[in-house]
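This is target-v4.csv (CSV, C-alpha atoms).
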```
chain,number,residue,atom,x,y,z
A,1,MET,CA,-13.8,-38.6,15.3
A,2,SER,CA,-16.2,-37.5,12.6
A,3,GLY,CA,-16.4,-34.0,11.2
A,4,ILE,CA,-16.7,-31.9,8.1
A,5,ARG,CA,-14.0,-32.4,5.5
A,6,PHE,CA,-13.0,-29.3,3.6
A,7,GLU,CA,-11.1,-29.5,0.3
A,8,PHE,CA,-9.9,-26.2,-1.0
A,9,ASP,CA,-10.4,-25.6,-4.8
A,10,PRO,CA,-7.5,-23.4,-6.1
A,11,ARG,CA,-9.7,-22.3,-9.0
A,12,SER,CA,-11.7,-20.2,-6.5
A,13,ILE,CA,-8.7,-17.9,-5.7
A,14,PRO,CA,-9.4,-15.4,-8.5
A,15,GLY,CA,-13.0,-15.0,-7.4
A,16,ILE,CA,-11.9,-14.6,-3.7
A,17,MET,CA,-9.2,-12.1,-4.5
A,18,GLN,CA,-11.6,-10.0,-6.6
A,19,SER,CA,-14.4,-10.1,-4.1
A,20,GLN,CA,-15.7,-6.9,-2.5
A,21,PRO,CA,-14.6,-7.9,1.1
A,22,VAL,CA,-11.0,-8.5,0.0
A,23,ARG,CA,-10.9,-5.3,-2.0
A,24,ALA,CA,-12.4,-3.3,0.9
A,25,GLY,CA,-9.8,-4.8,3.2
A,26,LEU,CA,-6.9,-3.7,0.9
A,27,LYS,CA,-8.4,-0.2,0.6
A,28,ALA,CA,-8.9,0.0,4.4
A,29,GLU,CA,-5.3,-0.8,5.1
A,30,ALA,CA,-4.1,1.7,2.5
A,31,ASP,CA,-6.4,4.3,4.0
A,32,ARG,CA,-4.8,3.7,7.4
A,33,ILE,CA,-1.2,4.1,6.0
A,34,ALA,CA,-1.8,7.3,4.0
A,35,PRO,CA,-2.3,9.6,7.0
A,36,VAL,CA,0.8,8.2,8.6
A,37,ALA,CA,2.8,8.9,5.4
A,38,LYS,CA,1.4,12.5,5.3
A,39,ALA,CA,2.4,13.1,8.9
A,40,ILE,CA,5.9,11.8,8.3
A,41,ALA,CA,6.3,14.1,5.2
A,42,ARG,CA,5.0,17.1,7.1
A,43,SER,CA,7.3,16.4,10.1
A,44,GLU,CA,10.2,16.6,7.6
A,45,GLY,CA,9.0,19.9,6.2
A,46,LEU,CA,7.7,18.4,2.9
A,47,GLU,CA,4.2,19.9,2.8
A,48,GLU,CA,3.9,19.6,-1.0
A,49,PHE,CA,5.0,16.0,-0.8
A,50,ALA,CA,2.4,15.3,1.9
A,51,ALA,CA,-0.3,16.9,-0.2
A,52,SER,CA,0.5,14.6,-3.1
A,53,ILE,CA,0.0,11.4,-1.1
A,54,GLU,CA,-3.1,9.4,-2.0
A,55,VAL,CA,-4.6,5.9,-2.2
A,56,VAL,CA,-4.8,4.4,-5.6
A,57,GLU,CA,-6.8,1.2,-6.3
A,58,GLU,CA,-6.2,-0.9,-9.4
A,59,ILE,CA,-6.6,-4.4,-10.8
A,60,ARG,CA,-3.3,-5.9,-11.9
A,61,PRO,CA,-3.1,-7.5,-15.4
A,62,ARG,CA,-3.6,-11.1,-14.0
A,63,GLY,CA,-6.6,-9.9,-12.0
A,64,ARG,CA,-5.1,-9.3,-8.6
A,65,PRO,CA,-6.6,-6.2,-6.9
A,66,THR,CA,-4.3,-3.7,-5.1
A,67,ALA,CA,-4.6,-0.6,-3.1
A,68,ALA,CA,-1.4,1.4,-2.9
A,69,VAL,CA,-0.3,4.6,-1.1
A,70,VAL,CA,1.5,6.7,-3.7
A,71,ALA,CA,2.9,10.2,-4.0
A,72,ASP,CA,1.9,11.7,-7.3
A,73,ARG,CA,4.9,13.9,-7.8
A,74,GLU,CA,7.7,13.8,-10.4
A,75,ASP,CA,10.3,13.7,-7.7
A,76,ALA,CA,8.6,11.2,-5.4
A,77,VAL,CA,11.1,8.4,-6.3
A,78,ASP,CA,14.0,10.8,-5.5
A,79,HIS,CA,12.6,11.5,-2.0
A,80,GLU,CA,11.8,7.8,-1.3
A,81,HIS,CA,15.1,6.3,-2.5
A,82,GLY,CA,17.4,9.3,-2.6
A,83,THR,CA,19.8,10.6,-5.3
A,84,SER,CA,23.1,12.4,-5.2
A,85,GLN,CA,21.2,15.7,-4.6
A,86,THR,CA,18.2,14.4,-2.6
A,87,PRO,CA,18.5,12.6,0.7
A,88,ARG,CA,16.8,9.2,1.0
A,89,ARG,CA,13.7,9.7,3.2
A,90,ARG,CA,11.6,6.6,2.7
A,91,ILE,CA,8.4,8.3,3.7
A,92,LEU,CA,6.0,5.8,2.2
A,93,GLY,CA,8.2,2.8,3.3
A,94,ARG,CA,8.4,4.0,6.9
A,95,ALA,CA,4.6,4.6,6.9
A,96,ALA,CA,3.9,1.1,5.7
A,97,HIS,CA,6.3,-0.4,8.2
A,98,THR,CA,4.7,1.4,11.1
A,99,ARG,CA,1.5,-0.4,10.2
A,100,ILE,CA,3.3,-3.7,9.8
A,101,ASP,CA,5.2,-3.4,13.0
A,102,GLY,CA,2.0,-2.4,14.9
A,103,VAL,CA,3.0,1.1,15.9
A,104,THR,CA,-0.3,2.7,14.8
```

Can I see the file as structure tokens?
Amino acid sequence: MSGIRFEFDPRSIPGIMQSQPVRAGLKAEADRIAPVAKAIARSEGLEEFAASIEVVEEIRPRGRPTAAVVADREDAVDHEHGTSQTPRRRILGRAAHTRIDGVT
């Protein structure tokens, strides 16, 4: 059987990861998670928390692009992971898992 032989060159990974299609895919997924996170926050009566949720794109120090759903509040970590005074709500984590689990 004859055919085309493909050999992957690992040196191409940085170029692929920084390409526009990959970055657009990362942003599109974050854009799908953000409204779910806002809806979860609003359902728990956290309107200000919901208003602080946004998508942030960045390039990591070694060149890896990311698109993250973040809550830009001083107490965001407290609401996500909980403290002795704040219950653990995991709003961002639950929103991400609904996408991973195929709920939305």

If you count only C-alpha atoms, which residues fall within 10 Å of range 43-47 of chain A, apart from same-chain ones fewer than 6 positions away, as a ChimeraX atom specification? /A:37,79,89,91

Rank A:Ile33, A:Arg5, A:Lys27, A:Ile40 by their smallest atom-to-atom distance to Glu57 in chain A, using all atoms listed in the file, and report the top residue only.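 Of the candidates, the smallest distance to Glu57 in chain A is held by A:Lys27.
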
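The residue that comes closest to Gly63 in chain A, out of A:Glu29, A:Gly3, A:Glu80, A:Arg23 and on the basis of all atoms listed in the file, is A:Arg23.
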
Mind checking which residues fall within 12 Å of Ala71 in chain A, counting only C-alpha atoms, ignoring those fewer than 3 positions away in the same chain, and posting them as a PyMOL selection string? chain A and resi 34+37-38+41+46-56+68+74-80+90-93

For CA of Gln20 in chain A and CA of Ile4 in chain A, determine how far apart the two atoms are, in Å to one decimal place. 27.2 Å

Select, from A:Gly82, A:Val69, A:Pro61, A:His97, the residue with the minimum atom-to-atom distance to Ala30 in chain A, counting only C-alpha atoms. A:Val69

Atom-to-atom span, CA of Pro87 in chain A and CA of Arg42 in chain A, Å: 15.6 Å

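With CA of Arg64 in chain A on one side and CA of Gln18 in chain A on the other, the separation reads 6.8 Å.
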